[in-house]
>>> print(open('work_14.txt').read())   # compact mmCIF, C-alpha atoms and all ligand atoms
# COMPACT_ATOMS: atom_id res chain seq x y z
CA MET Q 1278 -25.37 -11.95 -4.72
CA SER Q 1279 -24.37 -10.76 -1.32
CA GLN Q 1280 -27.03 -9.93 1.21
CA GLY Q 1281 -27.02 -8.53 4.70
CA LYS Q 1282 -25.34 -5.69 6.48
CA ASP Q 1283 -23.03 -4.70 3.62
CA GLU Q 1284 -25.94 -4.16 1.26
CA GLY Q 1285 -25.99 -0.39 1.78
CA LYS Q 1286 -22.30 -0.08 0.87
CA LEU Q 1287 -23.00 -1.72 -2.47
CA GLU Q 1288 -25.81 0.50 -3.60
CA ASP Q 1289 -23.56 2.63 -5.77
CA LEU Q 1290 -22.17 -0.46 -7.46
CA TYR Q 1291 -25.69 -1.40 -8.53
CA LEU Q 1292 -26.32 2.11 -9.81
CA ILE Q 1293 -23.28 2.17 -12.06
CA THR Q 1294 -23.44 -1.39 -13.34
CA LEU Q 1295 -27.19 -1.69 -13.96
CA ARG Q 1296 -27.59 1.52 -15.99
CA ASN Q 1297 -25.93 2.79 -19.11
CA GLY Q 1298 -23.90 5.97 -18.92
CA PRO Q 1299 -22.26 8.52 -21.21
CA PHE Q 1300 -18.72 7.34 -20.38
CA ALA Q 1301 -19.33 3.61 -20.72
CA HIS Q 1302 -16.95 1.50 -22.78
CA GLU Q 1303 -18.38 0.31 -26.09
CA SER Q 1304 -18.42 -3.27 -24.77
CA PHE Q 1305 -20.46 -2.28 -21.73
CA SER Q 1306 -23.96 -3.62 -21.32
CA PRO Q 1307 -25.79 -3.08 -18.04
CA SER Q 1308 -26.26 -6.37 -16.28
CA GLU Q 1309 -26.15 -8.13 -12.94
CA ASP Q 1310 -23.51 -10.35 -14.48
CA LEU Q 1311 -20.97 -7.57 -14.03
CA LEU Q 1312 -21.22 -7.65 -10.26
CA ASN Q 1313 -21.35 -11.41 -10.32
CA PHE Q 1314 -18.06 -11.39 -12.19
CA LEU Q 1315 -16.55 -8.84 -9.83
CA TRP Q 1316 -17.57 -10.82 -6.75
CA ASN Q 1317 -17.23 -14.40 -7.81
CA GLU Q 1318 -14.72 -14.62 -10.60
CA CYS Q 1319 -12.41 -11.65 -10.92
CA LYS Q 1320 -9.08 -12.34 -9.18
CA VAL Q 1321 -6.77 -9.45 -8.48
CA LEU Q 1322 -3.15 -9.56 -7.40
CA VAL Q 1323 -1.80 -6.59 -5.47
CA VAL Q 1324 1.98 -6.46 -5.59
CA GLY Q 1325 3.44 -4.69 -2.58
CA ALA Q 1326 1.81 -4.13 0.79
CA GLY Q 1327 3.60 -0.91 1.68
CA GLY Q 1328 2.40 2.68 1.44
CA LEU Q 1329 0.66 2.21 -1.89
CA GLY Q 1330 -0.29 -1.40 -1.19
CA CYS Q 1331 -2.25 -0.61 1.99
CA GLU Q 1332 -4.23 2.05 0.16
CA LEU Q 1333 -4.80 -0.25 -2.81
CA LEU Q 1334 -6.08 -3.12 -0.71
CA LYS Q 1335 -8.54 -0.88 1.09
CA ASP Q 1336 -9.70 0.80 -2.14
CA LEU Q 1337 -10.12 -2.44 -4.09
CA ALA Q 1338 -11.91 -4.21 -1.25
CA LEU Q 1339 -14.31 -1.30 -0.81
CA SER Q 1340 -14.90 -1.12 -4.59
CA GLY Q 1341 -16.36 -4.61 -4.56
CA PHE Q 1342 -13.40 -6.81 -5.47
CA ARG Q 1343 -13.83 -10.00 -3.46
CA ASN Q 1344 -10.94 -12.19 -4.54
CA ILE Q 1345 -7.69 -10.48 -3.75
CA GLU Q 1346 -4.19 -11.77 -3.12
CA VAL Q 1347 -1.29 -9.64 -2.01
CA ILE Q 1348 2.41 -10.37 -2.13
CA ASP Q 1349 5.22 -8.62 -0.28
CA LEU Q 1350 8.57 -9.73 1.09
CA ASP Q 1351 8.84 -7.09 3.81
CA VAL Q 1352 7.98 -7.14 7.46
CA VAL Q 1353 6.34 -4.22 9.27
CA ASP Q 1354 8.81 -1.63 10.52
CA VAL Q 1355 7.99 0.91 13.19
CA THR Q 1356 8.63 3.77 10.72
CA ASN Q 1357 5.80 2.44 8.48
CA LEU Q 1358 3.09 3.08 11.04
CA ASN Q 1359 2.49 6.76 10.22
CA ARG Q 1360 1.09 5.99 6.78
CA GLN Q 1361 0.74 2.24 6.25
CA PHE Q 1362 -2.51 2.26 8.13
CA LEU Q 1363 -3.28 -1.46 8.07
CA PHE Q 1364 -0.44 -1.98 10.56
CA ARG Q 1365 -0.35 -1.42 14.32
CA GLN Q 1366 2.40 -1.31 16.91
CA GLN Q 1367 1.91 -5.00 17.77
CA ASP Q 1368 2.46 -5.93 14.08
CA VAL Q 1369 6.06 -4.68 14.00
CA GLY Q 1370 8.27 -7.52 12.77
CA LYS Q 1371 5.41 -9.47 11.20
CA PRO Q 1372 5.01 -10.04 7.42
CA LYS Q 1373 3.26 -7.07 5.80
CA ALA Q 1374 1.25 -9.12 3.30
CA GLU Q 1375 -0.18 -11.37 5.98
CA VAL Q 1376 -1.01 -8.58 8.43
CA ALA Q 1377 -2.62 -6.46 5.71
CA ALA Q 1378 -4.72 -9.36 4.42
CA ALA Q 1379 -5.89 -10.23 7.92
CA PHE Q 1380 -6.86 -6.61 8.60
CA ILE Q 1381 -8.94 -6.34 5.43
CA ALA Q 1382 -10.57 -9.74 6.07
CA LYS Q 1383 -11.57 -8.61 9.55
CA ARG Q 1384 -13.15 -5.38 8.34
CA ILE Q 1385 -14.90 -6.49 5.17
CA SER Q 1386 -17.20 -9.46 5.44
CA GLY Q 1387 -17.38 -11.99 2.64
CA ILE Q 1388 -14.00 -11.10 1.18
CA ASN Q 1389 -11.59 -13.76 0.11
CA ILE Q 1390 -8.13 -12.30 0.66
CA LYS Q 1391 -4.79 -14.03 0.96
CA GLY Q 1392 -1.38 -12.65 1.83
CA HIS Q 1393 1.87 -14.11 0.52
CA HIS Q 1394 5.02 -13.29 2.45
CA ALA Q 1395 7.26 -14.01 -0.50
CA ASN Q 1396 9.53 -12.62 -3.17
CA ILE Q 1397 7.79 -11.89 -6.48
CA TYR Q 1398 10.83 -13.23 -8.37
CA ASP Q 1399 10.38 -16.67 -6.79
CA GLN Q 1400 6.79 -17.24 -7.94
CA PRO Q 1401 6.24 -19.52 -10.93
CA ARG Q 1402 4.43 -18.35 -14.09
CA GLU Q 1403 1.35 -20.30 -12.97
CA PHE Q 1404 1.04 -18.07 -9.96
CA TYR Q 1405 0.65 -14.93 -12.10
CA LYS Q 1406 -1.47 -16.71 -14.71
CA GLN Q 1407 -4.40 -17.22 -12.33
CA PHE Q 1408 -5.20 -13.49 -12.04
CA ASN Q 1409 -7.46 -11.28 -14.15
CA LEU Q 1410 -5.68 -8.10 -13.10
CA VAL Q 1411 -2.38 -7.20 -11.48
CA VAL Q 1412 -2.08 -3.94 -9.58
CA ALA Q 1413 1.42 -2.90 -8.56
CA GLY Q 1414 2.28 -0.59 -5.70
CA LEU Q 1415 6.04 -0.98 -5.80
CA ASP Q 1416 8.83 1.47 -5.12
CA SER Q 1417 11.52 -0.45 -6.94
CA ILE Q 1418 12.04 0.15 -10.66
CA ASP Q 1419 13.69 -3.29 -10.96
CA ALA Q 1420 10.67 -5.07 -9.52
CA ARG Q 1421 8.29 -3.11 -11.77
CA ARG Q 1422 10.36 -3.95 -14.84
CA TRP Q 1423 10.41 -7.58 -13.84
CA LEU Q 1424 6.65 -7.71 -13.33
CA ASN Q 1425 6.03 -5.98 -16.66
CA GLU Q 1426 8.17 -8.51 -18.52
CA THR Q 1427 6.66 -11.45 -16.68
CA LEU Q 1428 3.15 -10.44 -17.77
CA ILE Q 1429 4.34 -9.83 -21.35
CA ASP Q 1430 5.90 -13.28 -21.32
CA LEU Q 1431 2.51 -14.81 -20.43
CA VAL Q 1432 0.83 -13.45 -23.57
CA GLU Q 1433 0.27 -16.20 -26.12
CA THR Q 1434 -0.46 -15.90 -29.82
CA ASN Q 1435 -3.06 -17.73 -31.88
CA ASP Q 1436 -2.12 -19.87 -34.85
CA ASP Q 1437 -2.73 -16.93 -37.19
CA GLY Q 1438 -0.26 -14.79 -35.26
CA THR Q 1439 -2.81 -12.60 -33.53
CA ILE Q 1440 -2.74 -12.13 -29.79
CA ASP Q 1441 -4.79 -14.55 -27.70
CA VAL Q 1442 -6.58 -11.94 -25.59
CA SER Q 1443 -7.53 -14.50 -22.96
CA THR Q 1444 -3.85 -14.64 -21.98
CA VAL Q 1445 -3.49 -10.86 -21.62
CA ILE Q 1446 -3.40 -9.74 -17.99
CA PRO Q 1447 -3.58 -5.96 -17.61
CA LEU Q 1448 -1.03 -4.37 -15.30
CA ILE Q 1449 -2.02 -1.27 -13.41
CA ASP Q 1450 1.14 0.33 -12.14
CA GLY Q 1451 1.22 2.99 -9.46
CA GLY Q 1452 4.32 4.83 -8.39
CA THR Q 1453 5.07 7.70 -6.04
CA GLU Q 1454 8.09 9.80 -5.26
CA GLY Q 1455 7.55 12.39 -2.57
CA PHE Q 1456 4.79 14.71 -3.74
CA ARG Q 1457 4.79 13.29 -7.25
CA GLY Q 1458 3.15 10.16 -8.52
CA GLN Q 1459 1.77 8.37 -11.50
CA ALA Q 1460 -0.75 5.70 -12.40
CA ARG Q 1461 -0.70 3.83 -15.65
CA VAL Q 1462 -2.56 1.09 -17.42
CA ILE Q 1463 -0.44 -1.41 -19.32
CA ILE Q 1464 -2.15 -3.93 -21.58
CA PRO Q 1465 0.76 -6.28 -22.34
CA LYS Q 1466 1.68 -6.43 -26.04
CA MET Q 1467 -1.20 -4.07 -26.86
CA SER Q 1468 -0.29 -0.75 -25.25
CA ALA Q 1469 2.96 0.89 -24.17
CA CYS Q 1470 4.71 -1.18 -21.52
CA PHE Q 1471 6.93 -0.18 -18.64
CA GLU Q 1472 10.06 -0.82 -20.69
CA CYS Q 1473 8.79 1.22 -23.67
CA ASN Q 1474 9.13 4.35 -21.54
CA LEU Q 1475 11.85 3.33 -19.14
CA ASP Q 1476 13.53 6.66 -19.82
CA LEU Q 1477 10.74 8.33 -17.83
CA PHE Q 1478 12.65 7.03 -14.83
CA PRO Q 1479 16.15 8.44 -14.80
CA PRO Q 1480 18.71 5.84 -13.66
CA GLN Q 1481 19.58 7.54 -10.40
CA ILE Q 1482 19.81 11.09 -9.21
CA SER Q 1483 23.39 12.16 -9.00
CA TYR Q 1484 24.88 15.60 -8.70
CA PRO Q 1485 27.85 16.86 -10.68
CA LEU Q 1486 30.98 16.54 -8.59
CA CYS Q 1487 32.14 20.07 -9.40
CA THR Q 1488 28.90 21.49 -7.98
CA ILE Q 1489 29.24 19.41 -4.87
CA ALA Q 1490 32.87 20.46 -4.43
CA ASN Q 1491 32.68 24.14 -5.38
CA THR Q 1492 29.25 25.67 -5.71
CA PRO Q 1493 26.73 23.89 -3.51
CA ARG Q 1494 23.20 25.30 -3.74
CA LEU Q 1495 21.02 22.59 -2.25
CA PRO Q 1496 21.11 20.77 1.08
CA GLU Q 1497 21.59 17.57 -0.96
CA HIS Q 1498 24.85 18.99 -2.35
CA CYS Q 1499 26.17 19.44 1.20
CA ILE Q 1500 25.23 15.89 2.17
CA GLU Q 1501 26.85 14.48 -0.96
CA TYR Q 1502 29.96 16.55 -0.16
CA ALA Q 1503 30.19 14.94 3.28
CA SER Q 1504 29.65 11.40 2.01
CA VAL Q 1505 31.50 11.50 -1.31
CA ILE Q 1506 34.42 13.82 -0.54
CA LEU Q 1507 34.93 14.10 3.23
CA TRP Q 1508 34.21 10.48 4.12
CA PRO Q 1509 37.00 8.97 1.97
CA GLN Q 1510 39.41 11.74 3.05
CA GLN Q 1511 38.84 11.43 6.77
CA GLN Q 1512 37.86 7.74 7.06
CA PRO Q 1513 36.02 8.43 10.32
CA PHE Q 1514 35.19 4.78 11.04
CA GLY Q 1515 38.48 3.22 10.00
CA ALA Q 1516 40.17 2.80 6.64
CA GLY Q 1517 38.03 1.17 3.99
CA THR Q 1518 34.72 1.38 5.86
CA LYS Q 1519 31.95 2.22 3.42
CA VAL Q 1520 29.05 4.52 4.26
CA ASP Q 1521 26.14 2.47 5.59
CA GLY Q 1522 22.81 4.30 5.42
CA ASP Q 1523 21.36 1.96 8.05
CA ASN Q 1524 24.10 2.73 10.57
CA PRO Q 1525 22.92 5.69 12.69
CA GLU Q 1526 26.51 6.63 13.64
CA HIS Q 1527 27.48 6.91 9.99
CA VAL Q 1528 24.40 8.97 9.14
CA LYS Q 1529 25.01 11.22 12.14
CA TRP Q 1530 28.61 11.86 11.11
CA ILE Q 1531 27.57 12.80 7.58
CA PHE Q 1532 24.65 14.88 8.82
CA GLU Q 1533 26.96 16.93 11.10
CA ARG Q 1534 29.61 17.51 8.42
CA ALA Q 1535 26.86 18.43 5.93
CA GLN Q 1536 25.44 20.91 8.40
CA GLU Q 1537 28.82 22.63 8.81
CA ARG Q 1538 29.11 22.88 5.04
CA ALA Q 1539 25.56 24.22 4.74
CA ASN Q 1540 26.23 26.91 7.36
CA GLN Q 1541 29.32 27.99 5.46
CA PHE Q 1542 27.30 28.48 2.26
CA HIS Q 1543 24.13 29.72 3.99
CA ILE Q 1544 22.07 26.77 2.79
CA GLN Q 1545 18.98 25.74 4.73
CA GLY Q 1546 17.36 22.35 5.03
CA VAL Q 1547 20.02 19.81 5.99
CA THR Q 1548 18.35 17.34 8.36
CA TYR Q 1549 19.18 13.88 9.68
CA ARG Q 1550 16.31 12.38 7.70
CA LEU Q 1551 17.32 14.05 4.45
CA SER Q 1552 20.91 12.91 5.02
CA GLN Q 1553 19.75 9.34 5.31
CA GLY Q 1554 17.56 9.77 2.24
CA VAL Q 1555 20.44 11.09 0.13
CA ILE Q 1556 22.84 8.39 1.35
CA LYS Q 1557 20.34 5.64 0.62
CA HIS Q 1558 18.89 7.39 -2.44
CA ILE Q 1559 15.37 7.38 -1.08
CA ILE Q 1560 12.76 10.06 -1.32
CA PRO Q 1561 10.47 10.28 1.69
CA ALA Q 1562 7.01 8.81 1.16
CA VAL Q 1563 4.04 11.16 1.40
CA ALA Q 1564 0.75 9.66 2.57
CA SER Q 1565 -1.49 11.91 0.46
CA THR Q 1566 0.38 11.04 -2.75
CA ASN Q 1567 -0.03 7.34 -1.99
CA ALA Q 1568 -3.74 7.82 -1.40
CA ILE Q 1569 -4.31 9.70 -4.66
CA VAL Q 1570 -2.28 7.33 -6.83
CA ALA Q 1571 -3.80 4.21 -5.26
CA ALA Q 1572 -7.31 5.60 -5.73
CA SER Q 1573 -6.58 6.15 -9.39
CA CYS Q 1574 -5.23 2.60 -9.76
CA ALA Q 1575 -8.24 1.05 -8.00
CA ASN Q 1576 -10.55 3.09 -10.20
CA GLU Q 1577 -8.79 1.74 -13.29
CA ALA Q 1578 -9.06 -1.81 -11.95
CA PHE Q 1579 -12.80 -1.35 -11.49
CA LYS Q 1580 -13.21 0.08 -14.99
CA LEU Q 1581 -11.28 -2.80 -16.55
CA ALA Q 1582 -13.30 -5.37 -14.64
CA THR Q 1583 -16.74 -3.92 -15.47
CA TYR Q 1584 -16.34 -1.72 -18.61
CA ILE Q 1585 -18.39 0.97 -16.90
CA ALA Q 1586 -16.03 3.54 -18.41
CA ASN Q 1587 -13.10 3.67 -20.79
CA PRO Q 1588 -9.81 2.92 -19.09
CA LEU Q 1589 -7.12 5.53 -18.66
CA ASN Q 1590 -5.21 5.89 -21.91
CA ASN Q 1591 -2.69 5.28 -20.50
CA TYR Q 1592 -0.64 7.43 -18.12
CA MET Q 1593 -1.74 9.83 -15.41
CA LEU Q 1594 0.77 11.97 -13.64
CA TYR Q 1595 0.15 13.84 -10.43
CA ASN Q 1596 2.24 16.56 -8.91
CA GLY Q 1597 1.40 18.00 -5.51
CA GLU Q 1598 4.67 19.80 -5.00
CA SER Q 1599 3.41 23.35 -5.55
CA GLY Q 1600 -0.35 23.32 -5.81
CA VAL Q 1601 -2.07 20.34 -7.35
CA TYR Q 1602 -1.47 19.39 -10.93
CA THR Q 1603 -2.61 16.35 -12.82
CA TYR Q 1604 -2.45 15.39 -16.46
CA ALA Q 1605 -3.27 12.28 -18.45
CA PHE Q 1606 -1.63 11.40 -21.73
CA GLU Q 1607 -0.89 8.45 -23.95
CA THR Q 1608 2.60 7.03 -23.86
CA GLU Q 1609 3.47 5.33 -27.11
CA ARG Q 1610 4.59 1.82 -27.72
CA ARG Q 1611 8.17 1.57 -28.84
CA GLU Q 1612 8.41 -0.72 -31.84
CA GLU Q 1613 11.90 -1.82 -30.93
CA CYS Q 1614 11.06 -2.20 -27.24
CA PRO Q 1615 13.17 -5.10 -25.93
CA ALA Q 1616 10.28 -6.31 -23.75
CA CYS Q 1617 7.12 -6.00 -25.88
CA GLY Q 1618 8.39 -5.09 -29.34
CA ARG Q 1619 10.59 -6.55 -32.00
CA ALA Q 1620 13.97 -5.52 -30.76
CA GLN Q 1621 17.04 -6.21 -32.86
CA PRO Q 1622 20.05 -7.46 -30.91
CA LYS Q 1623 21.72 -4.55 -29.16
CA LYS Q 1624 25.03 -3.77 -30.83
CA ILE Q 1625 28.00 -3.64 -28.49
CA CYS Q 1626 31.31 -2.41 -29.77
CA VAL Q 1627 34.30 -3.80 -27.90
CA SER Q 1628 38.00 -4.10 -28.26
CA PRO Q 1629 39.09 -7.71 -28.92
CA LYS Q 1630 41.67 -7.35 -26.18
CA TRP Q 1631 39.16 -6.57 -23.47
CA THR Q 1632 38.57 -9.32 -20.96
CA LEU Q 1633 35.16 -10.80 -20.34
CA ALA Q 1634 35.20 -9.01 -16.99
CA ASP Q 1635 35.66 -5.69 -18.87
CA LEU Q 1636 32.65 -6.47 -21.05
CA ILE Q 1637 30.48 -7.30 -18.05
CA GLU Q 1638 31.48 -4.05 -16.40
CA VAL Q 1639 30.47 -2.11 -19.51
CA LEU Q 1640 27.12 -3.92 -19.64
CA ARG Q 1641 26.47 -3.07 -16.01
CA GLU Q 1642 27.14 0.58 -16.72
CA ASP Q 1643 24.89 0.65 -19.77
CA THR Q 1644 22.07 3.11 -19.08
CA GLU Q 1645 19.64 1.33 -21.39
CA LEU Q 1646 20.13 -2.21 -20.14
CA ARG Q 1647 20.31 -1.29 -16.45
CA VAL Q 1648 21.40 -4.69 -15.23
CA LYS Q 1649 23.17 -5.49 -12.00
CA SER Q 1650 24.36 -9.08 -12.26
CA PRO Q 1651 24.27 -10.24 -15.87
CA SER Q 1652 24.95 -13.80 -16.98
CA LEU Q 1653 26.09 -14.40 -20.55
CA THR Q 1654 25.83 -17.31 -22.94
CA VAL Q 1655 26.91 -17.63 -26.56
CA SER Q 1656 25.17 -20.23 -28.78
CA SER Q 1657 24.11 -22.07 -25.61
CA ARG Q 1658 27.69 -22.21 -24.28
CA ALA Q 1659 28.04 -20.53 -20.89
CA LEU Q 1660 30.40 -17.57 -20.84
CA TYR Q 1661 29.64 -16.43 -17.33
CA TYR Q 1662 26.93 -17.11 -14.77
CA SER Q 1663 26.60 -14.59 -11.94
CA SER Q 1664 24.55 -17.06 -9.89
CA PRO Q 1665 24.10 -19.61 -8.38
CA ALA Q 1666 27.46 -19.91 -6.65
CA SER Q 1667 28.29 -23.32 -8.16
CA LEU Q 1668 27.87 -22.02 -11.71
CA GLU Q 1669 29.71 -18.83 -10.86
CA GLN Q 1670 32.62 -21.00 -9.70
CA ALA Q 1671 32.52 -23.05 -12.86
CA THR Q 1672 32.46 -20.07 -15.23
CA LYS Q 1673 34.58 -17.44 -13.51
CA GLU Q 1674 37.76 -18.73 -15.15
CA ASN Q 1675 36.49 -17.01 -18.30
CA LEU Q 1676 36.51 -13.58 -16.68
CA PRO Q 1677 40.22 -12.75 -17.26
CA GLN Q 1678 40.18 -14.17 -20.81
CA SER Q 1679 40.31 -11.79 -23.73
CA LEU Q 1680 37.21 -11.48 -25.85
CA ASP Q 1681 38.88 -12.55 -29.09
CA CYS Q 1682 39.66 -15.91 -27.44
CA LEU Q 1683 36.07 -16.39 -26.32
CA LEU Q 1684 33.97 -14.87 -29.08
CA GLU Q 1685 33.79 -14.39 -32.79
CA GLU Q 1686 33.24 -11.06 -34.46
CA GLY Q 1687 29.52 -10.41 -35.02
CA CYS Q 1688 28.35 -13.22 -32.77
CA GLU Q 1689 25.16 -12.95 -30.77
CA ILE Q 1690 25.30 -13.40 -27.07
CA PHE Q 1691 22.35 -13.79 -24.77
CA LEU Q 1692 22.21 -11.84 -21.56
CA THR Q 1693 20.09 -12.84 -18.61
CA ASP Q 1694 19.65 -10.91 -15.41
CA PRO Q 1695 17.37 -11.29 -12.39
CA ALA Q 1696 15.65 -8.02 -13.40
CA LEU Q 1697 14.83 -9.16 -16.95
CA PRO Q 1698 12.73 -12.33 -17.30
CA LEU Q 1699 12.93 -12.15 -21.10
CA GLY Q 1700 16.68 -11.61 -21.30
CA ARG Q 1701 18.36 -9.55 -24.04
CA LYS Q 1702 20.22 -10.35 -27.24
CA LEU Q 1703 23.49 -8.59 -27.83
CA GLN Q 1704 25.67 -8.56 -30.90
CA ILE Q 1705 29.38 -8.16 -30.41
CA PHE Q 1706 31.55 -6.16 -32.78
CA PHE Q 1707 35.29 -5.82 -32.47
CA HIS Q 1708 36.78 -2.41 -32.80
CA LYS Q 1709 40.39 -1.72 -31.96
CA CYS Q 1710 39.88 1.67 -30.41
CA SER Q 1711 36.82 0.89 -28.29
CA LYS Q 1712 37.24 2.60 -24.99
CA LYS Q 1713 35.50 1.71 -21.84
CA ASN Q 1714 33.59 4.80 -20.83
CA LYS Q 1715 35.24 5.18 -17.48
ZN ZN Q 1801 7.39 -2.21 -24.43
>>> encode(input="work_14.txt", output="structure tokens", more="lines below")
Ligand SMILES: [Zn+2]
Amino acid sequence: MSQGKDEGKLEDLYLITLRNGPFAHESFSPSEDLLNFLWNECKVLVVGAGGLGCELLKDLALSGFRNIEVIDLDVVDVTNLNRQFLFRQQDVGKPKAEVAAAFIAKRISGINIKGHHANIYDQPREFYKQFNLVVAGLDSIDARRWLNETLIDLVETNDDGTIDVSTVIPLIDGGTEGFRGQARVIIPKMSACFECNLDLFPPQISYPLCTIANTPRLPEHCIEYASVILWPQQQPFGAGTKVDGDNPEHVKWIFERAQERANQFHIQGVTYRLSQGVIKHIIPAVASTNAIVAASCANEAFKLATYIANPLNNYMLYNGESGVYTYAFETERREECPACGRAQPKKICVSPKWTLADLIEVLREDTELRVKSPSLTVSSRALYYSSPASLEQATKENLPQSLDCLLEEGCEIFLTDPALPLGRKLQIFFHKCSKKNK
């Protein structure tokens, strides 16, 4: 066990792992082995080194986890510095995962921490397999869905059909949105997964057009009015130019028009920052929410690694918008969950005269599938591949073909998408009056 100057910091770890307690898990037995496991064996992957990730790395490292890896594709931006406290001015432009890992390594002696400046989608299964726990601090729903399915895909079954628990890697998922956040514990194939309750995350905030056009009440309505109605009418940056949330001139134009509209309707609160947020559909990050959610996630990681207490079952929500509110409840597993359950093929009703391109458009608009660039195969024959470019070239001639030329009534097609490692089965039914919901 570790000796030396960090000894004092570890005193509490001894207290809670060497004595029994009223909240201990039924499998808990006080022992030095627990800390040995935590220090020498337990490997944790932190996904994301942003607002939540920085907090998570600090919390996990100070809770006694010694073998940590962190993965993030981003580089440090100057706007991160107010809350992503492992980064300094001189780190701007450098990979977040590497800078964060180096910072933690410098501050906590004896830790074995590694940063990967990489895309989670590009890592092989073996990469994820080596960890005992995965803790996610991601802001993208797509990435969280992908991670959830990847860990479900790693679960193996024994010969008698039961789950091989040695292949189950718990996922602790943190998420924040402004003053609201949540932490959850997902035991793949055993408790509710991210996909089971995907409807907790509405597809995307959008405001009814009639409200925007006629009865604005919120500053967001005024900003949407400027970007959705005025922009196409006035084409301020030349015909056909789309609004770019990263172009300060575009944001400024929308901000100023939105302000005029807000003044007209006596609405307060239109700012440049909010304008950018609405255009890019981002909600500003709040440091305190990140800290609270990350602390909860690190606490769950510690409980799962040592059994000192029962893990969260299985969802904690936090709301700091008006006062402080927190509540824990159990989300239920969905039997027909397409990721962790026994989903039947999703029935899709189409007109035989639709083209394949029409079908793909409908699939992309489907609020349950939520896919962006689907590829389709039917009994291992390619219908359409959205990537790579060479396969797209080879299959795009199918796009204008009508479905009755390509498919048979009742056939099953298999959909793959970068967001869904497990893919989805669809069953196609022909119906003459099927309308595209446009
Ligand atoms: Zn599920």
>>> closest_atom_pairs(input="work_14.txt", of="chain Q", to="ligand ZN 1801 (chain Q)", cutoff="8 Å", atoms="only C-alpha atoms and all ligand atoms", output="CSV")
residue,atom,partner,partner_atom,distance
Q:Lys1466,CA,Q:ZN1801,ZN,7.3
Q:Ser1468,CA,Q:ZN1801,ZN,7.9
Q:Ala1469,CA,Q:ZN1801,ZN,5.4
Q:Cys1470,CA,Q:ZN1801,ZN,4.1
Q:Phe1471,CA,Q:ZN1801,ZN,6.2
Q:Glu1472,CA,Q:ZN1801,ZN,4.8
Q:Cys1473,CA,Q:ZN1801,ZN,3.8
Q:Asn1474,CA,Q:ZN1801,ZN,7.4
Q:Arg1610,CA,Q:ZN1801,ZN,5.9
Q:Arg1611,CA,Q:ZN1801,ZN,5.9
Q:Glu1612,CA,Q:ZN1801,ZN,7.6
Q:Glu1613,CA,Q:ZN1801,ZN,7.9
Q:Cys1614,CA,Q:ZN1801,ZN,4.6
Q:Pro1615,CA,Q:ZN1801,ZN,6.6
Q:Ala1616,CA,Q:ZN1801,ZN,5.1
Q:Cys1617,CA,Q:ZN1801,ZN,4.1
Q:Gly1618,CA,Q:ZN1801,ZN,5.8
>>> residues_around(input="work_14.txt", residues="Q:Cys1331", least_positions_apart="2", cutoff="8 Å", atoms="only C-alpha atoms", output="PyMOL selection string")
chain Q and resi 1326-1329+1333-1335+1361-1363+1377
>>> closest_residue(input="work_14.txt", among="Q:Thr1488, Q:Asn1587, Q:Thr1654, Q:Asn1317", to="Q:Glu1303", atoms="all atoms listed in the file")
Q:Asn1587
>>> atom_distance(input="work_14.txt", atom1="atom CA of Q:Glu1638", atom2="atom CA of Q:Cys1487")
25.1 Å
>>> closest_residue(input="work_14.txt", among="Q:Ala1605, Q:Leu1350, Q:Leu1424, Q:Leu1653", to="Q:Leu1697", atoms="only C-alpha atoms")
Q:Leu1424
>>> atom_distance(input="work_14.txt", atom1="atom CA of Q:Arg1619", atom2="atom CA of Q:Ile1429")
12.8 Å
>>> closest_residue(input="work_14.txt", among="Q:Val1462, Q:Val1520, Q:Ile1690, Q:Ala1696", to="Q:Leu1589", atoms="all atoms listed in the file")
Q:Val1462
>>> atom_distance(input="work_14.txt", atom1="atom CA of Q:Arg1360", atom2="atom CA of Q:Asn1344")
24.6 Å
>>> residues_around(input="work_14.txt", residues="Q:Gly1451", least_positions_apart="3", cutoff="12 Å", atoms="all atoms listed in the file", output="PyMOL selection string")
chain Q and resi 1323-1325+1328-1330+1332-1333+1411-1418+1421+1448+1454+1457-1463+1471+1566-1578+1591-1595
>>> closest_residue(input="work_14.txt", among="Q:Glu1669, Q:Glu1497, Q:Glu1598, Q:Asp1450", to="Q:Val1563", atoms="all atoms listed in the file")
Q:Glu1598
>>> closest_residue(input="work_14.txt", among="Q:Gly1438, Q:Ser1304, Q:Leu1339, Q:Lys1371", to="Q:Asp1354", atoms="all atoms listed in the file")
Q:Lys1371
>>> closest_residue(input="work_14.txt", among="Q:Ser1386, Q:Thr1603, Q:Thr1583, Q:Thr1632", to="Q:Asp1310", atoms="only C-alpha atoms")
Q:Thr1583
